[in-house]
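J.: Sharing work26.cif, mmCIF, C-alpha atoms:
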```
data_start
#
loop_
_atom_site.label_atom_id
_atom_site.label_comp_id
_atom_site.auth_asym_id
_atom_site.auth_seq_id
_atom_site.Cartn_x
_atom_site.Cartn_y
_atom_site.Cartn_z
CA MET G 254 18.24 201.17 -46.95
CA ASP G 255 21.87 201.68 -45.99
CA PHE G 256 20.89 204.30 -43.44
CA GLN G 257 18.38 201.98 -41.78
CA VAL G 258 20.91 199.19 -41.55
CA ILE G 259 23.50 201.45 -39.97
CA LYS G 260 20.98 202.79 -37.51
CA VAL G 261 20.06 199.28 -36.39
CA LYS G 262 23.72 198.54 -35.93
CA GLU G 263 24.25 201.68 -33.84
CA ASN G 264 21.36 200.70 -31.60
CA ILE G 265 22.79 197.23 -31.21
CA LEU G 266 26.22 198.57 -30.33
CA GLU G 267 24.79 201.07 -27.83
CA GLU G 268 22.66 198.39 -26.19
CA ASN G 269 25.69 196.10 -26.15
CA SER G 270 27.89 198.68 -24.40
CA LYS G 271 25.37 199.11 -21.59
CA ARG G 272 25.11 195.35 -21.14
CA ALA G 273 28.90 195.04 -21.17
CA ASP G 274 29.24 197.70 -18.47
CA SER G 275 26.76 195.97 -16.20
CA LEU G 276 28.49 192.63 -16.76
CA ARG G 277 31.85 194.19 -15.88
CA LYS G 278 30.33 195.59 -12.68
CA LEU G 279 28.86 192.20 -11.75
CA LEU G 280 32.18 190.41 -12.30
CA LYS G 281 34.10 193.06 -10.37
CA GLU G 282 31.81 192.55 -7.38
CA LYS G 283 32.59 188.86 -7.52
CA GLY G 284 36.33 189.52 -7.80
CA ILE G 285 36.60 187.99 -11.25
CA TYR G 286 39.04 189.36 -13.84
CA PHE G 287 37.73 188.73 -17.36
CA ILE G 288 39.96 188.41 -20.44
CA ASN G 289 38.49 188.29 -23.96
CA VAL G 290 40.76 186.41 -26.38
CA MET G 291 40.37 187.15 -30.09
CA ALA G 292 42.16 186.02 -33.26
CA SER G 293 41.78 184.49 -36.70
CA PRO G 294 40.77 180.86 -37.03
CA GLY G 295 43.71 178.57 -36.33
CA SER G 296 46.00 181.17 -34.79
CA GLY G 297 46.59 179.04 -31.71
CA LYS G 298 44.13 180.45 -29.16
CA THR G 299 43.29 177.12 -27.53
CA THR G 300 46.93 175.98 -27.38
CA LEU G 301 48.06 179.28 -25.82
CA LEU G 302 45.19 179.26 -23.31
CA THR G 303 46.02 175.70 -22.30
CA ASN G 304 49.64 176.65 -21.61
CA LEU G 305 48.67 179.87 -19.77
CA ILE G 306 46.04 178.19 -17.63
CA ASN G 307 48.43 175.44 -16.59
CA ARG G 308 50.81 178.16 -15.34
CA LEU G 309 48.15 180.19 -13.53
CA LYS G 310 45.79 177.54 -12.14
CA GLY G 311 47.92 176.94 -9.03
CA LYS G 312 47.28 180.52 -7.94
CA TYR G 313 43.82 181.30 -9.33
CA ASN G 314 40.50 179.56 -9.85
CA ILE G 315 40.04 179.78 -13.58
CA GLY G 316 37.06 179.32 -15.88
CA VAL G 317 37.00 179.23 -19.68
CA MET G 318 34.21 179.93 -22.15
CA GLU G 319 34.88 178.59 -25.63
CA ALA G 320 32.80 180.24 -28.35
CA ASP G 321 32.39 178.69 -31.76
CA ILE G 322 29.79 178.74 -34.47
CA ASP G 323 29.67 174.98 -34.23
CA GLY G 324 31.67 172.10 -32.76
CA ASP G 325 32.85 171.50 -29.21
CA VAL G 326 36.42 170.32 -29.74
CA ASP G 327 37.90 173.35 -27.93
CA ALA G 328 36.03 173.07 -24.62
CA GLU G 329 36.84 169.38 -24.56
CA ARG G 330 40.53 170.03 -25.28
CA ILE G 331 40.89 172.78 -22.68
CA SER G 332 39.08 170.84 -20.02
CA LYS G 333 41.05 167.64 -20.68
CA ASN G 334 44.43 169.39 -20.78
CA THR G 335 44.04 171.79 -17.85
CA GLY G 336 41.35 170.35 -15.59
CA VAL G 337 39.63 173.74 -15.19
CA ARG G 338 35.94 174.46 -15.73
CA ALA G 339 35.16 174.98 -19.43
CA ILE G 340 31.94 175.47 -21.34
CA GLN G 341 31.26 175.62 -25.04
CA ILE G 342 29.10 178.44 -26.39
CA HIS G 343 27.53 177.91 -29.80
CA THR G 344 26.79 181.18 -31.57
CA SER G 345 24.26 179.67 -34.02
CA GLY G 346 26.01 181.15 -37.02
CA ALA G 347 26.93 184.50 -35.46
CA CYS G 348 30.43 185.76 -36.20
CA HIS G 349 31.03 187.34 -32.80
CA LEU G 350 29.82 187.33 -29.20
CA THR G 351 27.74 190.11 -27.72
CA ALA G 352 27.81 191.04 -24.03
CA GLN G 353 24.28 189.58 -23.79
CA MET G 354 25.49 186.24 -25.11
CA VAL G 355 28.33 186.22 -22.57
CA HIS G 356 25.85 187.18 -19.84
CA ASP G 357 23.55 184.30 -20.80
CA ALA G 358 26.46 181.87 -20.91
CA ILE G 359 27.64 182.96 -17.47
CA GLY G 360 24.13 182.27 -16.19
CA GLN G 361 24.64 178.62 -17.13
CA PHE G 362 28.16 178.47 -15.77
CA ASP G 363 29.02 178.31 -12.09
CA ILE G 364 31.29 181.35 -11.70
CA GLU G 365 31.21 181.48 -7.89
CA GLY G 366 34.72 181.33 -6.49
CA LEU G 367 36.43 182.08 -9.82
CA ASN G 368 39.16 184.76 -9.94
CA LEU G 369 39.95 184.64 -13.60
CA LEU G 370 37.67 184.05 -16.56
CA PHE G 371 38.81 183.62 -20.15
CA LEU G 372 36.58 183.91 -23.19
CA GLU G 373 37.87 182.40 -26.41
CA ASN G 374 35.89 184.40 -28.94
CA VAL G 375 34.87 183.18 -32.44
CA GLY G 376 37.88 182.92 -34.78
CA ASN G 377 37.53 186.15 -36.73
CA LEU G 378 39.73 189.26 -37.00
CA VAL G 379 36.83 191.55 -37.85
CA CYS G 380 33.47 191.38 -36.10
CA PRO G 381 34.43 190.41 -32.53
CA ALA G 382 36.43 193.67 -32.35
CA GLU G 383 33.22 195.68 -32.67
CA PHE G 384 31.47 194.20 -29.65
CA ASP G 385 32.48 194.91 -26.07
CA THR G 386 32.04 191.56 -24.30
CA GLY G 387 32.24 193.03 -20.79
CA SER G 388 35.88 191.98 -20.47
CA ASN G 389 38.50 193.87 -18.45
CA ILE G 390 41.02 193.54 -21.24
CA ASN G 391 41.15 192.31 -24.83
CA MET G 392 44.01 190.03 -25.82
CA MET G 393 44.46 189.36 -29.53
CA LEU G 394 46.69 186.80 -31.20
CA LEU G 395 48.39 187.09 -34.55
CA SER G 396 50.10 183.93 -35.74
CA VAL G 397 53.30 184.11 -37.74
CA PRO G 398 51.85 182.19 -40.74
CA GLU G 399 49.21 184.93 -41.16
CA GLY G 400 51.89 187.50 -41.97
CA ASP G 401 53.29 190.71 -40.48
CA ASP G 402 50.99 192.98 -42.51
CA LYS G 403 47.73 192.10 -40.73
CA PRO G 404 47.59 195.24 -38.53
CA LEU G 405 47.32 197.25 -41.76
CA LYS G 406 44.33 195.22 -42.93
CA TYR G 407 42.35 194.66 -39.72
CA PRO G 408 42.82 197.96 -37.90
CA LEU G 409 39.99 197.78 -35.36
CA MET G 410 41.10 194.44 -33.88
CA PHE G 411 44.52 195.91 -33.11
CA GLU G 412 43.04 199.21 -31.87
CA VAL G 413 40.83 197.57 -29.25
CA SER G 414 43.41 195.04 -27.99
CA ASN G 415 45.86 196.12 -25.30
CA ILE G 416 47.64 192.78 -25.39
CA ALA G 417 48.87 191.59 -28.79
CA VAL G 418 50.47 188.15 -28.82
CA ILE G 419 52.46 187.01 -31.83
CA THR G 420 52.11 183.21 -31.83
CA LYS G 421 53.89 180.29 -33.56
CA ILE G 422 57.17 182.27 -33.52
CA ASP G 423 59.10 179.03 -34.07
CA THR G 424 57.91 179.16 -37.71
CA ALA G 425 59.13 182.72 -38.40
CA GLU G 426 61.93 181.65 -40.71
CA ILE G 427 59.69 179.51 -42.93
CA PHE G 428 57.18 182.31 -43.32
CA ASP G 429 59.70 185.15 -43.71
CA PHE G 430 58.06 187.06 -40.86
CA ASP G 431 59.53 190.45 -39.95
CA PHE G 432 59.00 191.04 -36.21
CA ALA G 433 60.21 194.66 -36.24
CA ARG G 434 57.83 195.56 -39.06
CA CYS G 435 54.98 193.72 -37.36
CA GLU G 436 55.53 195.47 -34.04
CA GLU G 437 55.71 198.82 -35.81
CA ASN G 438 52.43 198.02 -37.59
CA ILE G 439 50.77 197.03 -34.30
CA HIS G 440 51.93 200.19 -32.53
CA ARG G 441 50.68 202.28 -35.42
CA ARG G 442 47.19 200.98 -34.57
CA ASN G 443 47.59 201.07 -30.80
CA ARG G 444 50.59 202.72 -29.22
CA ASN G 445 49.68 201.23 -25.81
CA ALA G 446 49.56 197.65 -27.01
CA LYS G 447 51.79 195.37 -24.98
CA ILE G 448 53.35 192.89 -27.42
CA PHE G 449 54.42 189.35 -26.54
CA LYS G 450 56.09 186.78 -28.78
CA VAL G 451 55.36 183.15 -28.03
CA SER G 452 55.39 179.60 -29.23
CA ALA G 453 52.93 177.87 -26.93
CA LEU G 454 53.81 174.43 -28.29
CA GLN G 455 57.57 174.97 -27.87
CA ASP G 456 56.90 176.76 -24.58
CA GLN G 457 58.76 179.92 -25.63
CA GLY G 458 57.80 183.35 -24.28
CA VAL G 459 54.65 182.22 -22.47
CA GLU G 460 56.14 182.82 -19.01
CA GLU G 461 56.47 186.56 -19.63
CA LEU G 462 52.85 186.78 -20.80
CA SER G 463 51.72 184.69 -17.85
CA GLU G 464 53.50 187.04 -15.42
CA TYR G 465 51.88 190.05 -17.06
CA ILE G 466 48.43 188.50 -16.74
CA ASP G 467 49.21 187.58 -13.14
CA GLN G 468 49.90 191.27 -12.42
CA LEU G 469 46.62 192.30 -14.04
CA VAL G 470 44.63 189.76 -12.03
CA GLU G 471 46.43 190.73 -8.79
CA ALA G 472 45.43 194.37 -9.36
CA ARG G 473 41.78 193.55 -10.11
CA MET P 150 14.89 193.11 -30.44
CA ASP P 151 16.41 189.88 -31.65
CA PHE P 152 13.49 189.34 -33.96
CA GLN P 153 13.83 192.82 -35.48
CA VAL P 154 17.51 192.30 -36.06
CA ILE P 155 16.97 188.97 -37.76
CA LYS P 156 14.23 190.41 -39.93
CA VAL P 157 16.51 193.22 -41.09
CA LYS P 158 19.14 190.65 -41.91
CA GLU P 159 16.69 188.55 -43.92
CA ASN P 160 15.71 191.61 -45.92
CA ILE P 161 19.34 192.42 -46.57
CA LEU P 162 20.09 188.87 -47.71
CA GLU P 163 17.04 188.79 -49.99
CA GLU P 164 17.95 192.15 -51.53
CA ASN P 165 21.52 190.92 -51.91
CA SER P 166 20.48 187.75 -53.75
CA LYS P 167 18.52 189.74 -56.33
CA ARG P 168 21.43 192.07 -56.88
CA ALA P 169 23.80 189.11 -57.18
CA ASP P 170 21.59 187.46 -59.82
CA SER P 171 21.45 190.60 -61.93
CA LEU P 172 25.22 191.01 -61.64
CA ARG P 173 25.72 187.40 -62.74
CA LYS P 174 23.48 188.04 -65.75
CA LEU P 175 25.40 191.19 -66.69
CA LEU P 176 28.75 189.41 -66.48
CA LYS P 177 27.47 186.44 -68.47
CA GLU P 178 26.39 188.77 -71.28
CA LYS P 179 29.90 190.18 -71.34
CA GLY P 180 31.45 186.69 -71.37
CA ILE P 181 33.14 187.15 -68.00
CA TYR P 182 33.55 184.23 -65.58
CA PHE P 183 33.62 185.49 -61.98
CA ILE P 184 35.35 183.66 -59.10
CA ASN P 185 34.92 184.77 -55.48
CA VAL P 186 37.93 183.81 -53.34
CA MET P 187 37.39 183.55 -49.58
CA ALA P 188 39.56 182.54 -46.61
CA SER P 189 40.89 183.54 -43.22
CA PRO P 190 43.38 186.37 -42.94
CA GLY P 191 46.85 185.24 -43.98
CA SER P 192 45.83 181.98 -45.60
CA GLY P 193 47.68 182.81 -48.81
CA LYS P 194 44.94 184.20 -51.08
CA THR P 195 47.10 186.81 -52.77
CA THR P 196 50.04 184.45 -53.27
CA LEU P 197 47.83 181.75 -54.79
CA LEU P 198 46.05 184.26 -57.04
CA THR P 199 49.39 185.60 -58.26
CA ASN P 200 50.54 182.11 -59.22
CA LEU P 201 47.19 181.21 -60.85
CA ILE P 202 46.96 184.45 -62.82
CA ASN P 203 50.47 184.04 -64.17
CA ARG P 204 49.44 180.62 -65.48
CA LEU P 205 46.15 181.77 -67.01
CA LYS P 206 46.93 185.27 -68.29
CA GLY P 207 48.37 184.01 -71.58
CA LYS P 208 44.97 182.58 -72.49
CA TYR P 209 42.51 184.95 -70.78
CA ASN P 210 42.17 188.65 -70.06
CA ILE P 211 42.03 188.73 -66.28
CA GLY P 212 40.94 191.36 -63.75
CA VAL P 213 41.28 191.26 -59.97
CA MET P 214 39.35 193.06 -57.25
CA GLU P 215 41.10 193.06 -53.90
CA ALA P 216 38.80 193.75 -50.95
CA ASP P 217 40.12 194.80 -47.56
CA ILE P 218 38.86 196.80 -44.66
CA ASP P 219 41.90 199.01 -45.05
CA GLY P 220 45.28 199.01 -46.81
CA ASP P 221 46.15 198.55 -50.46
CA VAL P 222 49.12 196.21 -50.27
CA ASP P 223 47.30 193.39 -52.06
CA ALA P 224 46.23 195.26 -55.21
CA GLU P 225 49.75 196.64 -55.50
CA ARG P 226 51.31 193.17 -55.06
CA ILE P 227 49.01 191.48 -57.57
CA SER P 228 49.40 194.18 -60.15
CA LYS P 229 53.20 194.30 -59.78
CA ASN P 230 53.61 190.51 -59.90
CA THR P 231 51.18 189.65 -62.68
CA GLY P 232 50.72 192.80 -64.75
CA VAL P 233 46.92 192.35 -64.87
CA ARG P 234 44.33 194.97 -63.99
CA ALA P 235 43.77 195.17 -60.24
CA ILE P 236 41.74 197.46 -58.03
CA GLN P 237 41.52 197.75 -54.28
CA ILE P 238 38.10 197.92 -52.64
CA HIS P 239 37.94 199.37 -49.13
CA THR P 240 34.96 198.07 -47.18
CA SER P 241 35.00 200.88 -44.58
CA GLY P 242 34.98 198.46 -41.69
CA ALA P 243 32.59 195.91 -43.18
CA CYS P 244 33.53 192.28 -42.69
CA HIS P 245 32.28 191.06 -46.07
CA LEU P 246 31.33 192.23 -49.55
CA THR P 247 27.75 192.49 -50.74
CA ALA P 248 26.73 192.09 -54.38
CA GLN P 249 25.97 195.83 -54.38
CA MET P 250 29.53 196.63 -53.29
CA VAL P 251 30.90 194.42 -56.08
CA HIS P 252 28.53 196.08 -58.53
CA ASP P 253 29.73 199.56 -57.48
CA ALA P 254 33.35 198.46 -57.72
CA ILE P 255 32.83 197.06 -61.22
CA GLY P 256 31.38 200.43 -62.20
CA GLN P 257 34.76 202.00 -61.45
CA PHE P 258 36.72 199.22 -63.14
CA ASP P 259 37.05 198.78 -66.86
CA ILE P 260 35.76 195.23 -67.33
CA GLU P 261 35.30 195.42 -71.12
CA GLY P 262 37.24 192.64 -72.81
CA LEU P 263 37.82 190.65 -69.63
CA ASN P 264 37.13 186.87 -69.66
CA LEU P 265 37.95 186.10 -66.05
CA LEU P 266 37.42 188.18 -62.94
CA PHE P 267 38.68 187.29 -59.48
CA LEU P 268 37.43 188.84 -56.25
CA GLU P 269 39.66 188.45 -53.23
CA ASN P 270 37.10 188.85 -50.44
CA VAL P 271 37.83 190.19 -46.92
CA GLY P 272 39.89 187.74 -44.86
CA ASN P 273 37.18 186.13 -42.75
CA LEU P 274 35.83 182.57 -42.54
CA VAL P 275 32.39 183.65 -41.34
CA CYS P 276 30.54 186.62 -42.82
CA PRO P 277 31.60 186.54 -46.50
CA ALA P 278 29.98 183.08 -46.73
CA GLU P 279 26.56 184.60 -46.06
CA PHE P 280 26.58 187.02 -48.98
CA ASP P 281 26.29 185.97 -52.61
CA THR P 282 28.66 188.29 -54.47
CA GLY P 283 27.29 187.48 -57.92
CA SER P 284 30.14 185.07 -58.59
CA ASN P 285 29.87 181.94 -60.75
CA ILE P 286 31.76 179.89 -58.20
CA ASN P 287 33.12 180.28 -54.67
CA MET P 288 36.66 179.13 -54.03
CA MET P 289 37.76 178.94 -50.39
CA LEU P 290 41.26 178.43 -49.02
CA LEU P 291 42.22 176.70 -45.81
CA SER P 292 45.89 176.98 -44.91
CA VAL P 293 47.66 174.12 -43.18
CA PRO P 294 48.70 176.26 -40.14
CA GLU P 295 45.00 176.89 -39.39
CA GLY P 296 44.41 173.21 -38.69
CA ASP P 297 42.40 170.34 -40.17
CA ASP P 298 39.41 170.90 -37.84
CA LYS P 299 38.21 174.16 -39.40
CA PRO P 300 35.33 172.65 -41.45
CA LEU P 301 33.79 171.62 -38.12
CA LYS P 302 33.91 175.17 -36.78
CA TYR P 303 33.03 177.26 -39.84
CA PRO P 304 30.39 175.13 -41.56
CA LEU P 305 28.78 177.69 -43.86
CA MET P 306 32.03 178.69 -45.56
CA PHE P 307 32.64 175.08 -46.57
CA GLU P 308 29.00 174.53 -47.54
CA VAL P 309 28.93 177.42 -50.03
CA SER P 310 32.33 176.74 -51.61
CA ASN P 311 32.58 174.24 -54.45
CA ILE P 312 36.35 174.61 -54.65
CA ALA P 313 38.28 174.07 -51.42
CA VAL P 314 42.02 174.65 -51.66
CA ILE P 315 44.31 173.50 -48.88
CA THR P 316 47.28 175.90 -49.01
CA LYS P 317 50.82 175.95 -47.56
CA ILE P 318 50.99 172.14 -47.78
CA ASP P 319 54.79 172.31 -47.54
CA THR P 320 54.33 173.05 -43.80
CA ALA P 321 52.11 170.03 -43.07
CA GLU P 322 54.72 168.19 -41.04
CA ILE P 323 55.42 171.13 -38.71
CA PHE P 324 51.73 171.63 -38.01
CA ASP P 325 50.81 167.94 -37.74
CA PHE P 326 48.09 168.39 -40.35
CA ASP P 327 46.01 165.32 -41.23
CA PHE P 328 44.93 165.62 -44.90
CA ALA P 329 42.60 162.61 -44.84
CA ARG P 330 40.76 163.94 -41.79
CA CYS P 331 40.58 167.41 -43.31
CA GLU P 332 39.16 166.13 -46.60
CA GLU P 333 36.62 164.05 -44.71
CA ASN P 334 35.62 167.14 -42.69
CA ILE P 335 35.27 169.21 -45.87
CA HIS P 336 33.15 166.59 -47.61
CA ARG P 337 30.93 166.32 -44.54
CA ARG P 338 30.05 169.98 -45.14
CA ASN P 339 29.87 169.78 -48.92
CA ARG P 340 30.02 166.46 -50.69
CA ASN P 341 30.49 168.20 -54.06
CA ALA P 342 33.50 170.22 -53.01
CA LYS P 343 36.46 169.73 -55.31
CA ILE P 344 39.56 169.70 -53.11
CA PHE P 345 43.03 170.83 -54.21
CA LYS P 346 46.26 170.77 -52.23
CA VAL P 347 48.82 173.41 -53.07
CA SER P 348 51.89 175.32 -52.01
CA ALA P 349 51.78 178.43 -54.17
CA LEU P 350 55.22 179.56 -53.03
CA GLN P 351 56.81 176.17 -53.73
CA ASP P 352 54.70 175.87 -56.89
CA GLN P 353 53.18 172.53 -55.87
CA GLY P 354 49.71 171.50 -57.00
CA VAL P 355 48.76 174.81 -58.58
CA GLU P 356 48.81 173.42 -62.12
CA GLU P 357 45.93 171.03 -61.37
CA LEU P 358 43.84 173.86 -59.90
CA SER P 359 44.72 176.09 -62.82
CA GLU P 360 43.56 173.43 -65.29
CA TYR P 361 40.29 173.02 -63.42
CA ILE P 362 39.66 176.77 -63.50
CA ASP P 363 40.58 176.80 -67.19
CA GLN P 364 37.82 174.22 -67.83
CA LEU P 365 35.29 176.29 -65.90
CA VAL P 366 36.13 179.45 -67.84
CA GLU P 367 36.08 177.56 -71.17
CA ALA P 368 32.55 176.35 -70.38
CA ARG P 369 31.27 179.82 -69.33
#
```
Let me see the structure of the file written as structure tokens.
T.:
Amino acid sequence: MDFQVIKVKENILEENSKRADSLRKLLKEKGIYFINVMASPGSGKTTLLTNLINRLKGKYNIGVMEADIDGDVDAERISKNTGVRAIQIHTSGACHLTAQMVHDAIGQFDIEGLNLLFLENVGNLVCPAEFDTGSNINMMLLSVPEGDDKPLKYPLMFEVSNIAVITKIDTAEIFDFDFARCEENIHRRNRNAKIFKVSALQDQGVEELSEYIDQLVEAR
Amino acid sequence: MDFQVIKVKENILEENSKRADSLRKLLKEKGIYFINVMASPGSGKTTLLTNLINRLKGKYNIGVMEADIDGDVDAERISKNTGVRAIQIHTSGACHLTAQMVHDAIGQFDIEGLNLLFLENVGNLVCPAEFDTGSNINMMLLSVPEGDDKPLKYPLMFEVSNIAVITKIDTAEIFDFDFARCEENIHRRNRNAKIFKVSALQDQGVEELSEYIDQLVEAR
């Protein structure tokens, strides 16, 4: 039984990788840089994206796909607060997005003329890390209230993310968060991870991240 | 392809339910009340359990199973801070525990003489909700920094949990958390959910929860 289950999963992952590669190729042809944003529920993905998009929208045409199991508060929030194109993807109970789901969503989303596409994945530190969405880069967020030990407990998420953003840094004192230990834990999982420390609400540290993303999009 | 995948999942869930029922029966015979604790990463599960166990350990013999994808910081913390029996379960990448995994773990854990068993599930608001672990009750935690809108986005977790604990309430002002809206959102998902508001670190509200659990264990 276990063997069968694992085999099905391997097939799914293999199929997903092929689909992700073809999606990446399609987006490259259209000149679109695609960033997959992953994190726990409530880590501040939508707030950070809103801040980032408001910094970058003068230079790039930006689109956002908001994935959730249910609800459409995020797409509404992003669209209202940034003015860019946003759609809500409902995963019908699924805990992650596959490349196929992204592909289908893009089919219903006018991507012509976009330069930069964000996907806000389902809030989950586990499953989304297993599925290549077809993105050019994975950006993961770890919020201070979650604690500095999370890279020890959710290794894959940190391994597959080349941008790690520590969010809600204005609350570090309340939560006794140790940045040095956290950064060490992140680099233990991924020595290439570029780490940023931000408070999107207080507008701290977002400029540096925005400049880094600007460089990535420029080089697309 | 989709159909096949779904079918496999249905088989797994059906198999899991049977295993969960037999585990529940086994624990009932031994007089052990079993509580499955679920939440996002970093929502304060271990801190709350430590506080609860220290209140209840004078009356009951308590055991704790700490599940994580990797790392053993939690079992060490619980054991050091409460003195009760704790084991760490590594899920080898899995995002949830099945009843079979709990059954295997119990096989390696001396449960004779226990009256109360806690399982700290993998930090994840999605997948653990799908799998009956064989527990008598599900207790889920939502921490204030995650936001009051989470019941809208992660419906199943709230539907399957008859105890919903709002944690880190001492930070409500910083995070602009609306308790009334949150409670309304929780009850929309599960009208029977018993809601508690706590700060385990500040020792607020835990006594009420502890008394409620005491009643449940008494009636086992």
J.: Please identify all residues of chain G having at least one atom at most 6 Å from any atom of chain P, considering all atoms listed in the file, and return them as a VMD selection string.
T.: chain G and resid 295 322 to 324 348 379 399 to 400 405 to 406
J.: Output the selection as a PDB file, in the coordinates of the input - C-alpha atoms for each residue.
T.:
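Written out: part.pdb:
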```
ATOM      1  CA  GLY G 295      43.710 178.570 -36.330  1.00  0.00           C
ATOM      2  CA  ILE G 322      29.790 178.740 -34.470  1.00  0.00           C
ATOM      3  CA  ASP G 323      29.670 174.980 -34.230  1.00  0.00           C
ATOM      4  CA  GLY G 324      31.670 172.100 -32.760  1.00  0.00           C
ATOM      5  CA  CYS G 348      30.430 185.760 -36.200  1.00  0.00           C
ATOM      6  CA  VAL G 379      36.830 191.550 -37.850  1.00  0.00           C
ATOM      7  CA  GLU G 399      49.210 184.930 -41.160  1.00  0.00           C
ATOM      8  CA  GLY G 400      51.890 187.500 -41.970  1.00  0.00           C
ATOM      9  CA  LEU G 405      47.320 197.250 -41.760  1.00  0.00           C
ATOM     10  CA  LYS G 406      44.330 195.220 -42.930  1.00  0.00           C
TER      11      LYS G 406
END
```
J.: Using all atoms listed in the file, find the one residue out of P:Asn185, P:Gln364, P:Thr240, P:Ser348 that sits nearest to Thr316 in chain P.
T.: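 Of all the options, P:Ser348 lies closest to Thr316 in chain P.
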J.: Could you pull the residues within 12 Å of Glu225 in chain P, counting only C-alpha atoms, minus those fewer than 5 positions along the same chain, as a list in words?
T.: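 Selected residues are Thr195, Thr199, Val213, Met214, Glu215, Gly220, Asn230, Thr231, Gly232, Val233, Arg234, Ala235, Ile236 and Gln237 of chain P.
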J.: Residues of the last selection are to be written out with C-alpha atoms, as a PDB file, keeping the file's coordinate frame.
T.:
```
ATOM      1  CA  THR P 195      47.100 186.810 -52.770  1.00  0.00           C
ATOM      2  CA  THR P 199      49.390 185.600 -58.260  1.00  0.00           C
ATOM      3  CA  VAL P 213      41.280 191.260 -59.970  1.00  0.00           C
ATOM      4  CA  MET P 214      39.350 193.060 -57.250  1.00  0.00           C
ATOM      5  CA  GLU P 215      41.100 193.060 -53.900  1.00  0.00           C
ATOM      6  CA  GLY P 220      45.280 199.010 -46.810  1.00  0.00           C
ATOM      7  CA  ASN P 230      53.610 190.510 -59.900  1.00  0.00           C
ATOM      8  CA  THR P 231      51.180 189.650 -62.680  1.00  0.00           C
ATOM      9  CA  GLY P 232      50.720 192.800 -64.750  1.00  0.00           C
ATOM     10  CA  VAL P 233      46.920 192.350 -64.870  1.00  0.00           C
ATOM     11  CA  ARG P 234      44.330 194.970 -63.990  1.00  0.00           C
ATOM     12  CA  ALA P 235      43.770 195.170 -60.240  1.00  0.00           C
ATOM     13  CA  ILE P 236      41.740 197.460 -58.030  1.00  0.00           C
ATOM     14  CA  GLN P 237      41.520 197.750 -54.280  1.00  0.00           C
TER      15      GLN P 237
END
```
J.: Any chance you could work out the residue set of the PyMOL selection byres ((chain P and resi 284) around 9) here, as a list in words?
T.: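 Answer for the PyMOL selection byres ((chain P and resi 284) around 9): Ala169, Asp170, Leu172, Arg173, Tyr182, Phe183, Ile184, Asn185, Ala248, Phe267, Leu268, Asp281, Thr282, Gly283, Asn285, Ile286 and Asn287 of chain P.
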J.: Using the chain letters and numbering of this document, enumerate as a JSON list (two decimals) with C-alpha atoms, in the coordinates of the input the residues selected by the PyMOL selection byres ((chain G and resi 307) around 12).
T.:
```
[["chain", "number", "residue", "atom", "x", "y", "z"],
["G", 300, "THR", "CA", 46.93, 175.98, -27.38],
["G", 301, "LEU", "CA", 48.06, 179.28, -25.82],
["G", 302, "LEU", "CA", 45.19, 179.26, -23.31],
["G", 303, "THR", "CA", 46.02, 175.70, -22.30],
["G", 304, "ASN", "CA", 49.64, 176.65, -21.61],
["G", 305, "LEU", "CA", 48.67, 179.87, -19.77],
["G", 306, "ILE", "CA", 46.04, 178.19, -17.63],
["G", 308, "ARG", "CA", 50.81, 178.16, -15.34],
["G", 309, "LEU", "CA", 48.15, 180.19, -13.53],
["G", 310, "LYS", "CA", 45.79, 177.54, -12.14],
["G", 311, "GLY", "CA", 47.92, 176.94, -9.03],
["G", 312, "LYS", "CA", 47.28, 180.52, -7.94],
["G", 313, "TYR", "CA", 43.82, 181.30, -9.33],
["G", 314, "ASN", "CA", 40.50, 179.56, -9.85],
["G", 315, "ILE", "CA", 40.04, 179.78, -13.58],
["G", 331, "ILE", "CA", 40.89, 172.78, -22.68],
["G", 332, "SER", "CA", 39.08, 170.84, -20.02],
["G", 333, "LYS", "CA", 41.05, 167.64, -20.68],
["G", 334, "ASN", "CA", 44.43, 169.39, -20.78],
["G", 335, "THR", "CA", 44.04, 171.79, -17.85],
["G", 336, "GLY", "CA", 41.35, 170.35, -15.59],
["G", 337, "VAL", "CA", 39.63, 173.74, -15.19],
["G", 453, "ALA", "CA", 52.93, 177.87, -26.93],
["G", 456, "ASP", "CA", 56.90, 176.76, -24.58],
["G", 459, "VAL", "CA", 54.65, 182.22, -22.47],
["G", 460, "GLU", "CA", 56.14, 182.82, -19.01],
["G", 463, "SER", "CA", 51.72, 184.69, -17.85]]
```
J.: Can you translate the PyMOL selection byres ((chain P and resi 332) around 12) into the concrete residues it hits in this file, as a ChimeraX atom specification?
T.: /P:291,296-301,307,313-315,326-331,333-346
J.: So the first atom is CA of Glu412 in chain G and the second is CA of Ala382 in chain G; what is the distance between them in Å, to one decimal place?
T.: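 Distance between the two atoms: 8.6 Å.
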J.: So the first atom is CA of Ser166 in chain P and the second is CA of Leu263 in chain P; what is the distance between them in Å, to one decimal place?
T.: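 Straight-line distance from CA of Ser166 in chain P to CA of Leu263 in chain P works out to 23.7 Å.
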J.: Which is closer to Gln455 in chain G than all the others in G:Ile359, G:Ile422, G:Ile285, G:Val413, using all atoms listed in the file?
T.: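 The closest residue to Gln455 in chain G is G:Ile422.
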J.: CA of Glu322 in chain P and CA of Asn270 in chain P are how many Å apart?
T.: 28.7 Å
